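Visitor: Below: one structure in structure tokens.
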Amino acid sequence: QVQLVESGGGVVQPGGSLRLSCVASGSMFSINVMGWYRQAPGKQRELVATITRGGITSYPDSVKGRFTISRDIVKNTMYLQMNSLKPEDAAVYYCKASRNDGAYWGQGTQVTVSS
């Protein structure tokens with residue numbers, strides 16, 4: 001199994017930045033894809049960014065150019081750098097790890113964007 005723990009959420013003003021972290025228990029080499037998702041109240045969980053084992057990243061248009069996903073294999077940690085935050089970015093952010101034996105989720109971290 002993989003355990004994921006997110007951190008780094010908080011309250012930020014529009015236009016501000018936050019960096020989220022997701023620490024994975026065990027080696028990241030068994031993980032095929034890692035990603036960040038978010039869910040706002042009353043909305044479905046949506047994809048924010050993904051990174052493959054090979055380091056290929058992908059973003060939806062809503063965050064492209066503002067968010068950057070990265071990882072540190074030595075630290076077993078994935079990051080999400082969020083810049084130019086907008087009120088519509090406010091949500092609970094979750095990290096996800098996909099392995100051959102299934103998908104694993106973290107508990108989420110709250111991001112609030114408000115002036």
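By convention in this document, the chains of the structure tokens carry letters A, B, ... by their order, each chain's residues are numbered from 1, and ligands are numbered from 1 in the order they are shown.
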With a distance cut-off of 8 Å and only C-alpha atoms, select the neighbouring residues of segment 10-23 of chain A, excluding the residue or stretch itself and same-chain residues fewer than 6 positions from it, and output the selection as a compact mmCIF listing (two decimals) with N, CA and C atoms, in the first residue's frame.

Guide:
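out.txt, written as the output of this step:
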```txt
# COMPACT_ATOMS: atom_id res chain seq x y z
N LEU A 4 -0.40 8.58 1.55
CA LEU A 4 -0.09 9.91 1.03
C LEU A 4 -0.54 10.96 2.04
N LYS A 75 13.14 12.37 -1.78
CA LYS A 75 12.30 12.71 -0.63
C LYS A 75 10.93 12.07 -0.68
N ASN A 76 10.65 11.29 -1.74
CA ASN A 76 9.32 10.67 -1.91
C ASN A 76 8.21 11.72 -1.83
N THR A 77 8.44 12.84 -2.43
CA THR A 77 7.51 13.96 -2.30
C THR A 77 7.15 14.54 -3.66
N MET A 78 5.88 14.84 -3.81
CA MET A 78 5.38 15.52 -4.99
C MET A 78 4.92 16.91 -4.56
N TYR A 79 5.07 17.86 -5.47
CA TYR A 79 4.73 19.24 -5.16
C TYR A 79 3.75 19.80 -6.19
N LEU A 80 3.03 20.82 -5.78
CA LEU A 80 2.22 21.59 -6.70
C LEU A 80 2.45 23.06 -6.37
N GLN A 81 3.17 23.72 -7.25
CA GLN A 81 3.39 25.16 -7.12
C GLN A 81 2.23 25.87 -7.80
N MET A 82 1.52 26.67 -7.05
CA MET A 82 0.35 27.36 -7.57
C MET A 82 0.60 28.87 -7.53
N ASN A 83 0.62 29.49 -8.69
CA ASN A 83 0.83 30.93 -8.80
C ASN A 83 -0.42 31.60 -9.38
N SER A 84 -0.48 32.89 -9.21
CA SER A 84 -1.60 33.67 -9.76
C SER A 84 -2.94 33.05 -9.39
N LEU A 85 -3.10 32.73 -8.14
CA LEU A 85 -4.30 32.05 -7.69
C LEU A 85 -5.54 32.90 -7.86
N LYS A 86 -6.62 32.25 -8.21
CA LYS A 86 -7.90 32.89 -8.44
C LYS A 86 -8.92 32.36 -7.42
N PRO A 87 -9.98 33.11 -7.17
CA PRO A 87 -11.00 32.60 -6.24
C PRO A 87 -11.55 31.24 -6.65
N CYS A 95 -3.88 14.58 -3.34
CA CYS A 95 -2.91 13.92 -4.20
C CYS A 95 -3.32 12.46 -4.37
N GLY A 106 -4.67 10.82 -0.78
CA GLY A 106 -4.40 11.47 0.47
C GLY A 106 -5.67 12.01 1.09
N GLN A 110 -6.82 22.03 2.42
CA GLN A 110 -7.73 23.09 2.02
C GLN A 110 -6.96 24.30 1.49
N VAL A 111 -7.39 24.78 0.34
CA VAL A 111 -6.85 26.02 -0.22
C VAL A 111 -8.00 27.02 -0.32
N THR A 112 -7.82 28.15 0.31
CA THR A 112 -8.82 29.21 0.28
C THR A 112 -8.21 30.44 -0.38
N VAL A 113 -8.90 30.98 -1.37
CA VAL A 113 -8.43 32.16 -2.08
C VAL A 113 -9.46 33.26 -1.85
N SER A 114 -9.06 34.23 -1.07
CA SER A 114 -10.02 35.26 -0.69
C SER A 114 -9.30 36.53 -0.30
N SER A 115 -9.90 37.65 -0.66
CA SER A 115 -9.33 38.93 -0.26
C SER A 115 -9.91 39.37 1.09
```

Visitor: Report as a ChimeraX atom specification: the residues of chain A with a DSSP assignment of strand (DSSP E or B), based on the backbone of this structure.

Guide: /A:4-7,10-12,18-24,33-39,46-52,57-58,67-72,77-82,91-99,102-105,109-113

Visitor: Interatomic distance between atom CA of Lys43 of chain A and atom CA of Tyr93 of chain A?

Guide: 12.8 Å

Visitor: Determine, counting only C-alpha atoms, which protein, DNA and RNA residues have an atom within 8 Å of an atom of Arg38 of chain A; residues of the same chain fewer than 6 positions away are not included. Present the result as a list of chain:residue names.

Guide: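 Near neighbours after the sequence-gap exclusion: A:Arg45, A:Glu46, A:Leu47, A:Val48, A:Ala91, A:Val92, A:Tyr93, A:Tyr94.
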
Visitor: Please save all heavy atoms of the selected residues as a PDB file, in the first residue's frame.

Guide:
```pdb
ATOM      1  N   ARG A  45     -14.922  16.257  -8.134  1.00  0.00           N
ATOM      2  CA  ARG A  45     -13.469  16.303  -8.043  1.00  0.00           C
ATOM      3  C   ARG A  45     -12.908  16.405  -9.465  1.00  0.00           C
ATOM      4  O   ARG A  45     -13.348  15.695 -10.369  1.00  0.00           O
ATOM      5  CB  ARG A  45     -12.941  15.060  -7.342  1.00  0.00           C
ATOM      6  CG  ARG A  45     -11.478  15.132  -6.989  1.00  0.00           C
ATOM      7  CD  ARG A  45     -11.089  13.970  -6.082  1.00  0.00           C
ATOM      8  NE  ARG A  45     -11.784  13.996  -4.793  1.00  0.00           N
ATOM      9  CZ  ARG A  45     -11.491  13.193  -3.780  1.00  0.00           C
ATOM     10  NH1 ARG A  45     -10.503  12.312  -3.893  1.00  0.00           N
ATOM     11  NH2 ARG A  45     -12.165  13.279  -2.650  1.00  0.00           N
ATOM     12  N   GLU A  46     -11.953  17.292  -9.649  1.00  0.00           N
ATOM     13  CA  GLU A  46     -11.388  17.491 -10.982  1.00  0.00           C
ATOM     14  C   GLU A  46      -9.874  17.394 -10.954  1.00  0.00           C
ATOM     15  O   GLU A  46      -9.225  17.694  -9.958  1.00  0.00           O
ATOM     16  CB  GLU A  46     -11.811  18.849 -11.555  1.00  0.00           C
ATOM     17  CG  GLU A  46     -11.314  20.048 -10.775  1.00  0.00           C
ATOM     18  CD  GLU A  46     -11.670  21.371 -11.439  1.00  0.00           C
ATOM     19  OE1 GLU A  46     -12.263  21.379 -12.533  1.00  0.00           O
ATOM     20  OE2 GLU A  46     -11.321  22.418 -10.862  1.00  0.00           O
ATOM     21  N   LEU A  47      -9.345  17.000 -12.094  1.00  0.00           N
ATOM     22  CA  LEU A  47      -7.904  16.862 -12.251  1.00  0.00           C
ATOM     23  C   LEU A  47      -7.248  18.238 -12.324  1.00  0.00           C
ATOM     24  O   LEU A  47      -7.746  19.138 -13.000  1.00  0.00           O
ATOM     25  CB  LEU A  47      -7.609  16.077 -13.523  1.00  0.00           C
ATOM     26  CG  LEU A  47      -6.153  15.954 -13.930  1.00  0.00           C
ATOM     27  CD1 LEU A  47      -5.409  15.087 -12.940  1.00  0.00           C
ATOM     28  CD2 LEU A  47      -6.051  15.376 -15.340  1.00  0.00           C
ATOM     29  N   VAL A  48      -6.120  18.364 -11.643  1.00  0.00           N
ATOM     30  CA  VAL A  48      -5.355  19.609 -11.667  1.00  0.00           C
ATOM     31  C   VAL A  48      -4.027  19.431 -12.394  1.00  0.00           C
ATOM     32  O   VAL A  48      -3.616  20.297 -13.169  1.00  0.00           O
ATOM     33  CB  VAL A  48      -5.114  20.128 -10.233  1.00  0.00           C
ATOM     34  CG1 VAL A  48      -4.217  21.364 -10.248  1.00  0.00           C
ATOM     35  CG2 VAL A  48      -6.435  20.437  -9.535  1.00  0.00           C
ATOM     36  N   ALA A  91     -10.467  25.186  -3.083  1.00  0.00           N
ATOM     37  CA  ALA A  91     -10.975  23.812  -3.035  1.00  0.00           C
ATOM     38  C   ALA A  91     -10.146  23.024  -2.028  1.00  0.00           C
ATOM     39  O   ALA A  91      -9.145  23.521  -1.512  1.00  0.00           O
ATOM     40  CB  ALA A  91     -10.870  23.158  -4.415  1.00  0.00           C
ATOM     41  N   VAL A  92     -10.568  21.801  -1.797  1.00  0.00           N
ATOM     42  CA  VAL A  92      -9.710  20.844  -1.108  1.00  0.00           C
ATOM     43  C   VAL A  92      -8.876  20.148  -2.179  1.00  0.00           C
ATOM     44  O   VAL A  92      -9.426  19.647  -3.165  1.00  0.00           O
ATOM     45  CB  VAL A  92     -10.526  19.813  -0.310  1.00  0.00           C
ATOM     46  CG1 VAL A  92      -9.589  18.804   0.347  1.00  0.00           C
ATOM     47  CG2 VAL A  92     -11.378  20.507   0.743  1.00  0.00           C
ATOM     48  N   TYR A  93      -7.585  20.165  -1.991  1.00  0.00           N
ATOM     49  CA  TYR A  93      -6.665  19.569  -2.953  1.00  0.00           C
ATOM     50  C   TYR A  93      -6.192  18.213  -2.447  1.00  0.00           C
ATOM     51  O   TYR A  93      -5.764  18.092  -1.295  1.00  0.00           O
ATOM     52  CB  TYR A  93      -5.473  20.498  -3.190  1.00  0.00           C
ATOM     53  CG  TYR A  93      -5.806  21.648  -4.101  1.00  0.00           C
ATOM     54  CD1 TYR A  93      -6.656  22.672  -3.681  1.00  0.00           C
ATOM     55  CD2 TYR A  93      -5.298  21.711  -5.399  1.00  0.00           C
ATOM     56  CE1 TYR A  93      -6.982  23.721  -4.522  1.00  0.00           C
ATOM     57  CE2 TYR A  93      -5.622  22.762  -6.240  1.00  0.00           C
ATOM     58  CZ  TYR A  93      -6.470  23.751  -5.798  1.00  0.00           C
ATOM     59  OH  TYR A  93      -6.799  24.782  -6.641  1.00  0.00           O
ATOM     60  N   TYR A  94      -6.268  17.210  -3.319  1.00  0.00           N
ATOM     61  CA  TYR A  94      -5.900  15.851  -2.981  1.00  0.00           C
ATOM     62  C   TYR A  94      -4.766  15.385  -3.878  1.00  0.00           C
ATOM     63  O   TYR A  94      -4.731  15.717  -5.065  1.00  0.00           O
ATOM     64  CB  TYR A  94      -7.081  14.910  -3.198  1.00  0.00           C
ATOM     65  CG  TYR A  94      -8.302  15.207  -2.373  1.00  0.00           C
ATOM     66  CD1 TYR A  94      -9.280  16.075  -2.840  1.00  0.00           C
ATOM     67  CD2 TYR A  94      -8.487  14.606  -1.131  1.00  0.00           C
ATOM     68  CE1 TYR A  94     -10.410  16.351  -2.092  1.00  0.00           C
ATOM     69  CE2 TYR A  94      -9.616  14.864  -0.375  1.00  0.00           C
ATOM     70  CZ  TYR A  94     -10.573  15.741  -0.860  1.00  0.00           C
ATOM     71  OH  TYR A  94     -11.699  15.996  -0.114  1.00  0.00           O
TER      72      TYR A  94
END
```

Visitor: Got a sec: who's within 8 Å of Ser98 of chain A, counting only C-alpha atoms, leaving out chain neighbours fewer than 5 positions off, as an NGL selection string?

Guide: :A and (31-34 or 103-104)
